[in-house]
Amino acid sequence: MAYKTHVSSLSAFEKGVIELKDDLRKYAFSNVFEVASHSPPFERTAVAQNLEYVAEVMRVDGESPWYAAPHDEFAIVMDGEITFNFVKLADAQVPSHAGGAAQLGAKPNGPTMGRVRARRGHQVLLPKGAAYQLTSAAPGVVLVQTMDGPVTTKRWSDICTLS
Amino acid sequence: MDVQSSKVVAIGTNPDTGYDSFRLGQFTFRRDEYFAHIEWPKGSHIIEIDRFLRAMVRDIGWGFFYGWIFFDDIFGTTNHYGTVDVFAGAYDQGCKDQGIDHLETFPAEVVKDAFETISRNWINEGYDPLSAPLETGSPLGSKTRERTDPLVRGFQSATRMLGLEGDAPVRSDATGHPINRAFADLEFDKPDIECEPGFEGQLHAINLFDHIARADVTWNPSFTAITGASICCVTSEEHMLPVIHGNDRNEWFIQLTDEIHWQIADKNSGLPRGRIVMKAGDVCAMPADIRHQGFSPKRSMLMVMENGTPGLELRYASGELKPYPVDFG
């Protein structure tokens, strides 16, 4: 038997259903492509939260600001082709806030570490000690594993199925 | 909590089927051609053998996982991270009303040893409970020849990220993991990594979908990337989750491909609450006060976000933390 794998995208996604005799807010049911399709580029919208930890959806379209975090983060490309540019931070430049990504005012003046070009299904390390920028020639979507931080956006009532 | 220290003992061999029976504390375990039979002082229970073995071997491999593992509505285990409850009817209102429910607590190593001993004796060559039903033989019938290869596999965990030097490897042809038949229609390429001189090895990326597509086990989440205590697990899912998982904390599911149908019930009573159908791109929390069981009509890719903070189960159990993850304000 030949199988057909269903992988969604910004241009073609279908949200599932939630039919529960319960308060649907407890399940925070959303869809990363739906969230990205209604988000401005590079808004980092939380779609999952485990206390201080979050997963953020980001619509990538053009050049992002530069970000850095005081810990490792990880990005999974859900749609499109995205380039991740990396700059090494001096020890004094590494953010010292509790967690999550912080947006930098400009490209840091450290040495260029290199770049990663990633497509759907690729997981990219955003290492502690590096600043990173995302660029894409066409709209794409990434899911970022990180902590609740200065640029984490929360709009649960907008993104979740509540009835 | 009274912790039993008695280990599993074999209590005889069925002359017709060839399988051994076992005692663990006051529980006895016996199998015939079709079923596992569990008895305790005030009751007994029967579970179809395929489901029983699929649940038991995963429970071993998961290290009893987070919280409650229900083999079915009646029998299962609860992880206390050092000790494990083995229960029958303790979370079933009918059994409790009849006063026939039973629960014993053992050191985790004792339960692990017991489940490995039972599984080893009851699993024949040609049957692998970690494989999808279409990819393995049948567990039915009398004893033939015991498997000699490891019963548990596929639980290798990353400590920072898969594929980093010194960390768990990504699956590949070289590791003996071909692309599964259900994902043969996908194209897999590698991310392009360009490091400037002096930064070789400091940038890293993998094809996560390729790694999942090569899994030779189902319903077996394994760590791929770690941020603090936040664990990204990925798994390939086909047919049905052979246990019902009762959370001791909130966890999140992110459907990467295809779809999974989840049945949701109250954790303590088992009363149904309804269902969730997750399609590719969907994100859903599994609150700490429910049981869930998944059904995946086609092999699919699922990402699970866990919070491995030590002691979290006690904070949820005490009510310090709400049994759901998001404050809508």
# chains A, B, ... in the order shown; residues from 1 in each chain; ligands from 1

call {"tool": "closest_atom_pairs", "arguments": {"of": "stretch 15-85 of chain A", "to": "stretch 120-130 of chain A", "cutoff": "9 Å", "atoms": "only C-alpha atoms", "output": "Markdown table"}}
result
| residue | atom | partner | partner_atom | distance |
| --- | --- | --- | --- | --- |
| A:Tyr67 | CA | A:Ala130 | CA | 8.7 |
| A:Ala68 | CA | A:Ala130 | CA | 6.4 |
| A:Ala69 | CA | A:Lys128 | CA | 6.3 |
| A:Pro70 | CA | A:Lys128 | CA | 5.8 |
| A:His71 | CA | A:Lys128 | CA | 4.7 |
| A:Asp72 | CA | A:Pro127 | CA | 4.6 |
| A:Glu73 | CA | A:Leu126 | CA | 4.9 |
| A:Phe74 | CA | A:Leu125 | CA | 4.8 |
| A:Ala75 | CA | A:Val124 | CA | 5.1 |
| A:Ile76 | CA | A:Gln123 | CA | 4.3 |
| A:Val77 | CA | A:Arg120 | CA | 4.9 |
| A:Met78 | CA | A:Arg120 | CA | 4.9 |
| A:Asp79 | CA | A:Arg120 | CA | 5.0 |
| A:Gly80 | CA | A:Arg120 | CA | 6.3 |
| A:Glu81 | CA | A:Arg120 | CA | 7.2 |
| A:Phe84 | CA | A:Val124 | CA | 8.4 |

call {"tool": "write_last_selection", "arguments": {"atoms": "N, CA and C atoms", "output": "JSON list (two decimals), in the first residue's frame"}}
result
[["chain", "number", "residue", "atom", "x", "y", "z"],
["A", 67, "TYR", "N", 18.32, 38.34, 17.89],
["A", 67, "TYR", "CA", 17.88, 37.85, 19.19],
["A", 67, "TYR", "C", 19.04, 37.12, 19.88],
["A", 68, "ALA", "N", 18.95, 37.05, 21.20],
["A", 68, "ALA", "CA", 19.86, 36.21, 21.98],
["A", 68, "ALA", "C", 19.16, 35.80, 23.26],
["A", 69, "ALA", "N", 19.56, 34.66, 23.79],
["A", 69, "ALA", "CA", 18.95, 34.13, 25.02],
["A", 69, "ALA", "C", 20.06, 33.63, 25.95],
["A", 70, "PRO", "N", 19.78, 33.59, 27.23],
["A", 70, "PRO", "CA", 20.80, 33.11, 28.18],
["A", 70, "PRO", "C", 20.85, 31.59, 28.28],
["A", 71, "HIS", "N", 20.28, 30.91, 27.30],
["A", 71, "HIS", "CA", 20.25, 29.43, 27.31],
["A", 71, "HIS", "C", 20.07, 28.97, 25.87],
["A", 72, "ASP", "N", 20.24, 27.69, 25.63],
["A", 72, "ASP", "CA", 19.97, 27.14, 24.31],
["A", 72, "ASP", "C", 18.50, 27.28, 23.96],
["A", 73, "GLU", "N", 18.24, 27.57, 22.70],
["A", 73, "GLU", "CA", 16.89, 27.49, 22.15],
["A", 73, "GLU", "C", 16.97, 26.58, 20.92],
["A", 74, "PHE", "N", 15.82, 26.16, 20.43],
["A", 74, "PHE", "CA", 15.78, 25.27, 19.27],
["A", 74, "PHE", "C", 14.63, 25.69, 18.37],
["A", 75, "ALA", "N", 14.89, 25.73, 17.08],
["A", 75, "ALA", "CA", 13.85, 26.12, 16.12],
["A", 75, "ALA", "C", 13.57, 24.96, 15.17],
["A", 76, "ILE", "N", 12.30, 24.65, 14.99],
["A", 76, "ILE", "CA", 11.89, 23.67, 13.99],
["A", 76, "ILE", "C", 11.20, 24.42, 12.87],
["A", 77, "VAL", "N", 11.69, 24.23, 11.65],
["A", 77, "VAL", "CA", 11.06, 24.87, 10.50],
["A", 77, "VAL", "C", 9.82, 24.06, 10.13],
["A", 78, "MET", "N", 8.67, 24.72, 10.16],
["A", 78, "MET", "CA", 7.41, 24.05, 9.84],
["A", 78, "MET", "C", 6.99, 24.32, 8.40],
["A", 79, "ASP", "N", 7.50, 25.41, 7.81],
["A", 79, "ASP", "CA", 7.16, 25.73, 6.41],
["A", 79, "ASP", "C", 8.21, 26.71, 5.87],
["A", 80, "GLY", "N", 8.53, 26.58, 4.60],
["A", 80, "GLY", "CA", 9.42, 27.52, 3.93],
["A", 80, "GLY", "C", 10.89, 27.15, 4.06],
["A", 81, "GLU", "N", 11.72, 28.02, 3.50],
["A", 81, "GLU", "CA", 13.18, 27.88, 3.63],
["A", 81, "GLU", "C", 13.68, 29.11, 4.37],
["A", 84, "PHE", "N", 19.28, 31.02, 9.04],
["A", 84, "PHE", "CA", 19.61, 31.47, 10.40],
["A", 84, "PHE", "C", 21.05, 31.99, 10.36]]

call {"tool": "residues_around", "arguments": {"residues": "B:Ser44", "least_positions_apart": "5", "cutoff": "10 Å", "atoms": "only C-alpha atoms", "output": "NGL selection string"}}
result
:B and (27-29 or 37-39 or 74 or 88-89 or 100-101)

call {"tool": "closest_atom_pairs", "arguments": {"of": "chain B", "to": "chain A", "cutoff": "7 Å", "atoms": "only C-alpha atoms", "output": "JSON lines"}}
result
{"residue": "B:Ala182", "atom": "CA", "partner": "A:Tyr3", "partner_atom": "CA", "distance": 5.4}
{"residue": "B:Phe183", "atom": "CA", "partner": "A:Thr5", "partner_atom": "CA", "distance": 6.4}
{"residue": "B:Asp185", "atom": "CA", "partner": "A:Lys4", "partner_atom": "CA", "distance": 6.4}
{"residue": "B:Pro191", "atom": "CA", "partner": "A:Ala118", "partner_atom": "CA", "distance": 4.8}
{"residue": "B:Asp192", "atom": "CA", "partner": "A:Arg117", "partner_atom": "CA", "distance": 5.0}
{"residue": "B:Ile193", "atom": "CA", "partner": "A:Val116", "partner_atom": "CA", "distance": 4.5}
{"residue": "B:Glu194", "atom": "CA", "partner": "A:Arg115", "partner_atom": "CA", "distance": 5.3}
{"residue": "B:Cys195", "atom": "CA", "partner": "A:Gly114", "partner_atom": "CA", "distance": 4.4}
{"residue": "B:Glu196", "atom": "CA", "partner": "A:Gly114", "partner_atom": "CA", "distance": 5.1}
{"residue": "B:Phe199", "atom": "CA", "partner": "A:Met113", "partner_atom": "CA", "distance": 5.7}
{"residue": "B:Leu203", "atom": "CA", "partner": "A:Leu125", "partner_atom": "CA", "distance": 6.9}
{"residue": "B:His204", "atom": "CA", "partner": "A:Leu125", "partner_atom": "CA", "distance": 5.5}
{"residue": "B:Ala205", "atom": "CA", "partner": "A:Val124", "partner_atom": "CA", "distance": 4.2}
{"residue": "B:Ile206", "atom": "CA", "partner": "A:Gln123", "partner_atom": "CA", "distance": 5.4}
{"residue": "B:Asn207", "atom": "CA", "partner": "A:His122", "partner_atom": "CA", "distance": 4.2}
{"residue": "B:Leu208", "atom": "CA", "partner": "A:His122", "partner_atom": "CA", "distance": 5.3}
{"residue": "B:Phe209", "atom": "CA", "partner": "A:Gly121", "partner_atom": "CA", "distance": 4.9}
{"residue": "B:Thr227", "atom": "CA", "partner": "A:Asp72", "partner_atom": "CA", "distance": 5.9}
{"residue": "B:Ser230", "atom": "CA", "partner": "A:Tyr53", "partner_atom": "CA", "distance": 6.3}
{"residue": "B:Asn250", "atom": "CA", "partner": "A:Asn50", "partner_atom": "CA", "distance": 7.0}
{"residue": "B:Trp252", "atom": "CA", "partner": "A:Ala48", "partner_atom": "CA", "distance": 6.7}
{"residue": "B:Thr257", "atom": "CA", "partner": "A:Val7", "partner_atom": "CA", "distance": 4.9}
{"residue": "B:Asp258", "atom": "CA", "partner": "A:His6", "partner_atom": "CA", "distance": 4.7}
{"residue": "B:Arg273", "atom": "CA", "partner": "A:Lys21", "partner_atom": "CA", "distance": 5.1}
{"residue": "B:Gly274", "atom": "CA", "partner": "A:Leu20", "partner_atom": "CA", "distance": 4.3}
{"residue": "B:Arg275", "atom": "CA", "partner": "A:Glu19", "partner_atom": "CA", "distance": 5.4}
{"residue": "B:Ile276", "atom": "CA", "partner": "A:Ile18", "partner_atom": "CA", "distance": 4.4}
{"residue": "B:Val277", "atom": "CA", "partner": "A:Val17", "partner_atom": "CA", "distance": 5.1}
{"residue": "B:Met278", "atom": "CA", "partner": "A:Gly16", "partner_atom": "CA", "distance": 4.9}
{"residue": "B:Lys279", "atom": "CA", "partner": "A:Gly16", "partner_atom": "CA", "distance": 5.1}
{"residue": "B:Ala280", "atom": "CA", "partner": "A:Ser8", "partner_atom": "CA", "distance": 5.6}
{"residue": "B:Gly281", "atom": "CA", "partner": "A:Asn31", "partner_atom": "CA", "distance": 5.2}
{"residue": "B:Asp282", "atom": "CA", "partner": "A:Asn31", "partner_atom": "CA", "distance": 4.1}
{"residue": "B:Val283", "atom": "CA", "partner": "A:Ser30", "partner_atom": "CA", "distance": 5.2}
{"residue": "B:Cys284", "atom": "CA", "partner": "A:Phe29", "partner_atom": "CA", "distance": 4.5}
{"residue": "B:Ala285", "atom": "CA", "partner": "A:Tyr27", "partner_atom": "CA", "distance": 4.5}
{"residue": "B:Met286", "atom": "CA", "partner": "A:Tyr27", "partner_atom": "CA", "distance": 6.2}
{"residue": "B:Pro287", "atom": "CA", "partner": "A:Lys26", "partner_atom": "CA", "distance": 6.5}
{"residue": "B:Asn307", "atom": "CA", "partner": "A:Asn50", "partner_atom": "CA", "distance": 6.3}
{"residue": "B:Tyr324", "atom": "CA", "partner": "A:Lys26", "partner_atom": "CA", "distance": 5.1}
{"residue": "B:Pro325", "atom": "CA", "partner": "A:Asn50", "partner_atom": "CA", "distance": 6.2}
{"residue": "B:Val326", "atom": "CA", "partner": "A:Gln49", "partner_atom": "CA", "distance": 6.7}
{"residue": "B:Phe328", "atom": "CA", "partner": "A:Trp156", "partner_atom": "CA", "distance": 6.2}

call {"tool": "select_by_dssp", "arguments": {"residues": "stretch 263-317 of chain B", "states": "helix (DSSP H, G or I)", "output": "NGL selection string"}}
result
:B and (312-317)

call {"tool": "atom_distance", "arguments": {"atom1": "atom CA of B:Phe188", "atom2": "atom CA of A:Val142"}}
result
17.7 Å

call {"tool": "closest_residue", "arguments": {"among": "A:Ala98, A:Leu143, A:Ala131, A:Ala106", "to": "A:Phe42", "atoms": "only C-alpha atoms"}}
result
A:Leu143

call {"tool": "select_by_dssp", "arguments": {"residues": "stretch 4-227 of chain B", "states": "strand (DSSP E or B)", "output": "count of residues only"}}
result
63

call {"tool": "residues_around", "arguments": {"residues": "stretch 102-119 of chain B", "least_positions_apart": "2", "cutoff": "7 Å", "atoms": "only C-alpha atoms", "output": "list in words"}}
result
Asp2, Val3, Gln4, Ser5, Lys7, Val8, Leu53, Met56, Val57, Ile60, Gly82, Thr83, Val84, Asp85, Val86, Phe87, Ala88, Gly89, Ala90, Ile100, Asn121, Trp122 and Ile123 of chain B

call {"tool": "residues_around", "arguments": {"residues": "B:Tyr91", "least_positions_apart": "5", "cutoff": "8 Å", "atoms": "only C-alpha atoms", "output": "PyMOL selection string"}}
result
chain B and resi 73-74+96+267-270

call {"tool": "residues_around", "arguments": {"residues": "A:Arg44", "least_positions_apart": "5", "cutoff": "8 Å", "atoms": "only C-alpha atoms", "output": "list in words"}}
result
Glu56, Val57, Met58, Val151, Thr152 and Thr153 of chain A

call {"tool": "residues_around", "arguments": {"residues": "B:Met303", "least_positions_apart": "2", "cutoff": "7 Å", "atoms": "only C-alpha atoms", "output": "list in words"}}
result
Cys232, Cys233, Val234, Thr235, Phe253, Ile254, Gln255, Leu256, Met301 and Met305 of chain B

call {"tool": "write_last_selection", "arguments": {"atoms": "all heavy atoms", "output": "mmCIF file, in the first residue's frame"}}
result
data_model
loop_
_atom_site.group_PDB
_atom_site.id
_atom_site.type_symbol
_atom_site.label_atom_id
_atom_site.label_comp_id
_atom_site.auth_asym_id
_atom_site.auth_seq_id
_atom_site.Cartn_x
_atom_site.Cartn_y
_atom_site.Cartn_z
ATOM 1 N N CYS B 232 11.962 18.465 24.556
ATOM 2 C CA CYS B 232 11.284 18.181 23.285
ATOM 3 C C CYS B 232 11.439 16.700 23.001
ATOM 4 O O CYS B 232 12.563 16.202 22.883
ATOM 5 C CB CYS B 232 11.893 19.020 22.161
ATOM 6 S SG CYS B 232 11.363 18.525 20.509
ATOM 7 N N CYS B 233 10.323 16.011 22.917
ATOM 8 C CA CYS B 233 10.333 14.592 22.585
ATOM 9 C C CYS B 233 9.626 14.423 21.243
ATOM 10 O O CYS B 233 8.651 15.125 20.973
ATOM 11 C CB CYS B 233 9.580 13.766 23.618
ATOM 12 S SG CYS B 233 10.027 14.044 25.326
ATOM 13 N N VAL B 234 10.095 13.501 20.444
ATOM 14 C CA VAL B 234 9.383 13.205 19.202
ATOM 15 C C VAL B 234 9.150 11.702 19.118
ATOM 16 O O VAL B 234 9.888 10.908 19.679
ATOM 17 C CB VAL B 234 10.159 13.692 17.960
ATOM 18 C CG1 VAL B 234 10.215 15.205 17.922
ATOM 19 C CG2 VAL B 234 11.541 13.081 17.896
ATOM 20 N N THR B 235 8.117 11.352 18.369
ATOM 21 C CA THR B 235 7.733 9.942 18.308
ATOM 22 C C THR B 235 6.904 9.691 17.058
ATOM 23 O O THR B 235 6.247 10.599 16.542
ATOM 24 C CB THR B 235 6.943 9.565 19.588
ATOM 25 O OG1 THR B 235 6.344 8.287 19.440
ATOM 26 C CG2 THR B 235 5.876 10.572 19.914
ATOM 27 N N PHE B 253 1.044 18.446 23.222
ATOM 28 C CA PHE B 253 1.224 17.689 21.982
ATOM 29 C C PHE B 253 1.243 18.680 20.810
ATOM 30 O O PHE B 253 0.411 19.597 20.739
ATOM 31 C CB PHE B 253 0.072 16.702 21.763
ATOM 32 C CG PHE B 253 0.056 15.563 22.751
ATOM 33 C CD1 PHE B 253 -1.100 14.804 22.914
ATOM 34 C CD2 PHE B 253 1.164 15.232 23.510
ATOM 35 C CE1 PHE B 253 -1.139 13.753 23.818
ATOM 36 C CE2 PHE B 253 1.144 14.183 24.412
ATOM 37 C CZ PHE B 253 -0.023 13.444 24.561
ATOM 38 N N ILE B 254 2.172 18.480 19.903
ATOM 39 C CA ILE B 254 2.236 19.258 18.664
ATOM 40 C C ILE B 254 2.267 18.255 17.522
ATOM 41 O O ILE B 254 3.219 17.476 17.390
ATOM 42 C CB ILE B 254 3.485 20.166 18.657
ATOM 43 C CG1 ILE B 254 3.410 21.137 19.851
ATOM 44 C CG2 ILE B 254 3.581 20.928 17.327
ATOM 45 C CD1 ILE B 254 4.678 21.896 20.118
ATOM 46 N N GLN B 255 1.199 18.252 16.731
ATOM 47 C CA GLN B 255 1.065 17.278 15.654
ATOM 48 C C GLN B 255 1.888 17.762 14.458
ATOM 49 O O GLN B 255 1.614 18.828 13.908
ATOM 50 C CB GLN B 255 -0.414 17.135 15.267
ATOM 51 C CG GLN B 255 -0.713 15.975 14.353
ATOM 52 C CD GLN B 255 -0.631 14.636 15.075
ATOM 53 O OE1 GLN B 255 -1.015 14.514 16.226
ATOM 54 N NE2 GLN B 255 -0.111 13.641 14.379
ATOM 55 N N LEU B 256 2.897 16.995 14.084
ATOM 56 C CA LEU B 256 3.784 17.427 13.004
ATOM 57 C C LEU B 256 3.286 16.975 11.638
ATOM 58 O O LEU B 256 3.428 17.710 10.653
ATOM 59 C CB LEU B 256 5.207 16.905 13.266
ATOM 60 C CG LEU B 256 5.872 17.421 14.554
ATOM 61 C CD1 LEU B 256 7.220 16.746 14.765
ATOM 62 C CD2 LEU B 256 6.042 18.935 14.512
ATOM 63 N N MET B 301 3.689 11.759 12.822
ATOM 64 C CA MET B 301 4.786 12.303 13.629
ATOM 65 C C MET B 301 4.196 13.222 14.687
ATOM 66 O O MET B 301 3.420 14.127 14.369
ATOM 67 C CB MET B 301 5.750 13.104 12.752
ATOM 68 C CG MET B 301 6.420 12.296 11.652
ATOM 69 S SD MET B 301 7.692 13.280 10.803
ATOM 70 C CE MET B 301 8.104 12.178 9.434
ATOM 71 N N MET B 305 5.982 18.087 24.353
ATOM 72 C CA MET B 305 6.760 18.990 25.204
ATOM 73 C C MET B 305 6.490 18.618 26.657
ATOM 74 O O MET B 305 5.356 18.709 27.131
ATOM 75 C CB MET B 305 6.359 20.449 24.966
ATOM 76 C CG MET B 305 6.586 20.970 23.553
ATOM 77 S SD MET B 305 8.323 21.182 23.124
ATOM 78 C CE MET B 305 8.830 22.440 24.274
#
